[in-house]
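One structure is given here, and the rest of the page talks about it.
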Amino acid sequence: MFPSLAAAHYAPALPLSAIAQPSRQFGLPFAGAPGPDSWLLGQGYGNTTGAYRQRRSTYGNLQGIHAGLDFSAPCGTPVRAIGDGTVAEVDGPHGSLPHNVVIDHAGNLSSLYGHLLKRASLRIGQKVTRGQVIGQSGDSQGTCISAPHLHLELRDRAHQRFFNPLPYIAADWDTLALAGSFGRGYEYDLNAPRKWQSPDSQPAALRGGRLLNEFARPWPIAPGGAR
């Protein structure tokens, strides 16, 4: 159904020299201030404890890390484009069900908006501007009770590299971290306990690359072992 889009999964990764460097050139995907009735930061990008427990299954093709930011928000919260760009996919083959949108930006970057409530009323090739509403946040389990949140990723346009969105998005991350669980919940390697323990120090990932977090002395120890 999506032959050209599916082929992107097998395209070679773009060289890092062809990808725009972070300069806080994007905005947040929600308007207004965070809060218990609007939106909060949930699971962070990178080597989270949740990703570590599933590093060989759910996140095995992403080098074992959570390749996006999760923003907790009630179903139906307007989701906004983080930057100017062109709609590349609507409900493409990237998971993040039940619905998703991909927008291509300058500098060979693409943003993915996942777990949307319903199919976005956008056309492939349509131009969008930063702050424009492109959909509504939903629930990864489709109930609007279980896990309502937006999953936001920043990728290269070939969909092979995944980047920490923090240095790309202009926001007061220190203050935002106080409002949600963001900044806590990273897996420790007791052999290198300071490694990847802050939101802005998380590693980039390459689709299909070797696991980054196969720790000999992990903490916390995954209940029942890692999957």
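Labels used: A, B, ... for chains in the order of the structure tokens, numbers from 1 for residues in each chain, and numbers from 1 for ligands as shown.
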Can you pull out every residue within 12 Å of Leu97 in chain A, counting only C-alpha atoms, but drop anything in the same chain fewer than 2 positions away, and send it as an MDAnalysis selection string? chainID A and resid 90:95 99:101 112:119 137:143 147:151
Each range 188-214 of chain A residue no farther than 12 Å from range 11-35 of chain A, nearest pair in Å, only C-alpha atoms, as a Markdown table:
```
| residue | atom | partner | partner_atom | distance |
| --- | --- | --- | --- | --- |
| A:Asp200 | CA | A:Pro22 | CA | 11.8 |
| A:Ala204 | CA | A:Leu16 | CA | 11.0 |
| A:Ala205 | CA | A:Ala13 | CA | 11.0 |
| A:Leu206 | CA | A:Ala13 | CA | 8.0 |
| A:Arg207 | CA | A:Ala13 | CA | 8.5 |
| A:Gly208 | CA | A:Ala13 | CA | 10.7 |
| A:Gly209 | CA | A:Ala13 | CA | 11.3 |
```
Exercise for the section: Write out as a list in words which residues come within 9 Å of Ala216 in chain A when counting only C-alpha atoms, dropping same-chain ones fewer than 3 positions away. Expected result: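 Selected residues are Asp189, Leu190 and Asn191 of chain A.
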#### Entry: Expected answer as a ChimeraX atom specification: helix (DSSP H, G or I) residues in range 24-227 of chain A
/A:49-53,60-62,106-108,166-168,173-179,199-201
Atoms to include: N, CA, C and O atoms. Write the selected residues as a CSV table (one decimal), in the first residue's frame.
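The resulting part18.csv:
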```
chain,number,residue,atom,x,y,z
A,49,THR,N,14.4,3.8,31.5
A,49,THR,CA,14.3,2.5,32.1
A,49,THR,C,13.3,1.6,31.4
A,49,THR,O,13.4,0.4,31.2
A,50,GLY,N,12.2,2.3,30.9
A,50,GLY,CA,11.2,1.5,30.1
A,50,GLY,C,11.8,0.9,28.8
A,50,GLY,O,11.5,-0.2,28.4
A,51,ALA,N,12.6,1.7,28.1
A,51,ALA,CA,13.3,1.2,26.9
A,51,ALA,C,14.2,0.1,27.2
A,51,ALA,O,14.3,-0.9,26.5
A,52,TYR,N,15.0,0.3,28.3
A,52,TYR,CA,16.0,-0.7,28.7
A,52,TYR,C,15.3,-2.1,28.9
A,52,TYR,O,15.9,-3.1,28.4
A,53,ARG,N,14.2,-2.1,29.5
A,53,ARG,CA,13.5,-3.4,29.8
A,53,ARG,C,13.1,-4.1,28.5
A,53,ARG,O,12.9,-5.3,28.4
A,60,GLY,N,14.5,-3.0,19.9
A,60,GLY,CA,15.7,-3.7,19.4
A,60,GLY,C,16.2,-3.1,18.1
A,60,GLY,O,17.4,-3.2,17.8
A,61,ASN,N,15.3,-2.6,17.3
A,61,ASN,CA,15.7,-2.0,16.0
A,61,ASN,C,16.2,-0.6,16.1
A,61,ASN,O,16.5,0.0,15.1
A,62,LEU,N,16.1,0.0,17.3
A,62,LEU,CA,16.5,1.4,17.5
A,62,LEU,C,17.6,1.5,18.5
A,62,LEU,O,17.8,2.4,19.2
A,106,ALA,N,13.5,21.5,6.5
A,106,ALA,CA,14.8,21.8,5.9
A,106,ALA,C,16.0,21.1,6.6
A,106,ALA,O,15.8,20.7,7.8
A,107,GLY,N,17.1,20.9,5.9
A,107,GLY,CA,18.2,20.3,6.5
A,107,GLY,C,18.1,18.8,6.6
A,107,GLY,O,18.7,18.1,7.4
A,108,ASN,N,17.2,18.2,5.8
A,108,ASN,CA,17.0,16.7,5.7
A,108,ASN,C,16.6,16.1,7.1
A,108,ASN,O,16.9,15.0,7.4
A,166,LEU,N,15.8,17.5,22.1
A,166,LEU,CA,16.0,18.7,23.0
A,166,LEU,C,16.8,19.8,22.4
A,166,LEU,O,16.4,21.0,22.5
A,167,PRO,N,18.0,19.6,21.9
A,167,PRO,CA,18.8,20.7,21.4
A,167,PRO,C,18.2,21.3,20.1
A,167,PRO,O,18.6,22.4,19.7
A,168,TYR,N,17.2,20.7,19.5
A,168,TYR,CA,16.6,21.2,18.3
A,168,TYR,C,15.3,22.0,18.6
A,168,TYR,O,14.9,22.8,17.8
A,173,TRP,N,13.7,23.6,29.0
A,173,TRP,CA,13.6,22.2,29.4
A,173,TRP,C,13.8,22.1,30.9
A,173,TRP,O,13.2,21.1,31.5
A,174,ASP,N,14.6,22.9,31.5
A,174,ASP,CA,14.8,22.7,33.0
A,174,ASP,C,13.5,22.9,33.7
A,174,ASP,O,13.1,22.2,34.7
A,175,THR,N,12.7,24.0,33.3
A,175,THR,CA,11.4,24.2,34.0
A,175,THR,C,10.4,23.1,33.6
A,175,THR,O,9.6,22.6,34.5
A,176,LEU,N,10.4,22.7,32.3
A,176,LEU,CA,9.5,21.7,31.9
A,176,LEU,C,9.7,20.4,32.6
A,176,LEU,O,8.8,19.6,32.9
A,177,ALA,N,11.0,20.1,32.9
A,177,ALA,CA,11.3,18.8,33.6
A,177,ALA,C,10.7,18.8,35.0
A,177,ALA,O,10.4,17.7,35.6
A,178,LEU,N,10.5,20.0,35.6
A,178,LEU,CA,9.9,20.0,37.0
A,178,LEU,C,8.4,19.7,37.0
A,178,LEU,O,7.9,19.3,38.0
A,179,ALA,N,7.8,19.9,35.8
A,179,ALA,CA,6.3,19.7,35.8
A,179,ALA,C,5.9,18.2,35.5
A,179,ALA,O,4.8,17.8,35.8
A,199,PRO,N,18.8,14.5,30.4
A,199,PRO,CA,18.0,14.6,29.2
A,199,PRO,C,18.7,15.0,27.9
A,199,PRO,O,18.5,14.5,26.8
A,200,ASP,N,19.7,15.9,28.1
A,200,ASP,CA,20.4,16.5,26.9
A,200,ASP,C,21.6,15.7,26.5
A,200,ASP,O,22.3,16.0,25.6
A,201,SER,N,21.9,14.6,27.3
A,201,SER,CA,23.1,13.8,26.9
A,201,SER,C,22.8,12.5,26.3
A,201,SER,O,23.7,11.6,26.1
```
Enumerate the residues of range 24-185 of chain A with a DSSP assignment of strand (DSSP E or B), computed from the backbone, and present them as a ChimeraX atom specification.
/A:26,40-41,46,48,66,69-72,78-80,85-90,100-105,109-114,116,127-128,133-139,148-156,161-163,169
What does the structure give for the distance between CA of Gly131 in chain A and CA of His66 in chain A, in Å to one decimal?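 It comes out at 24.9 Å.
One finds CA of Leu40 in chain A at 13.2 Å from CA of Ala171 in chain A.
Between Ala170 in chain A and the residues A:Gly44, A:Trp39, A:Val102, A:Gly83, the shortest atom-to-atom distance, using only C-alpha atoms, involves A:Gly83.
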**OP:** Determine, counting only C-alpha atoms, which protein, DNA and RNA residues have an atom within 12 Å of an atom of Phe215 in chain A; residues of the same chain fewer than 2 positions away are not included. Present the result as a PyMOL selection string.
**Re:** chain A and resi 47+52-53+55+64+187-193+195+211-213+217-222+226
CA of Ser121 in chain A to CA of Leu154 in chain A: how many Å, to one decimal?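 It comes out at 21.5 Å.
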Using only C-alpha atoms, which residue out of A:Thr58, A:Thr86, A:Gln132, A:Ser111 lies closest to Arg155 in chain A?
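Counting only C-alpha atoms, the residue closest to Arg155 in chain A is A:Ser111.
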Min atom-atom distance to Ser110 in chain A from the set A:Gly46, A:Pro165, A:Pro74, A:Gly135, counting only C-alpha atoms, belongs to A:Pro165
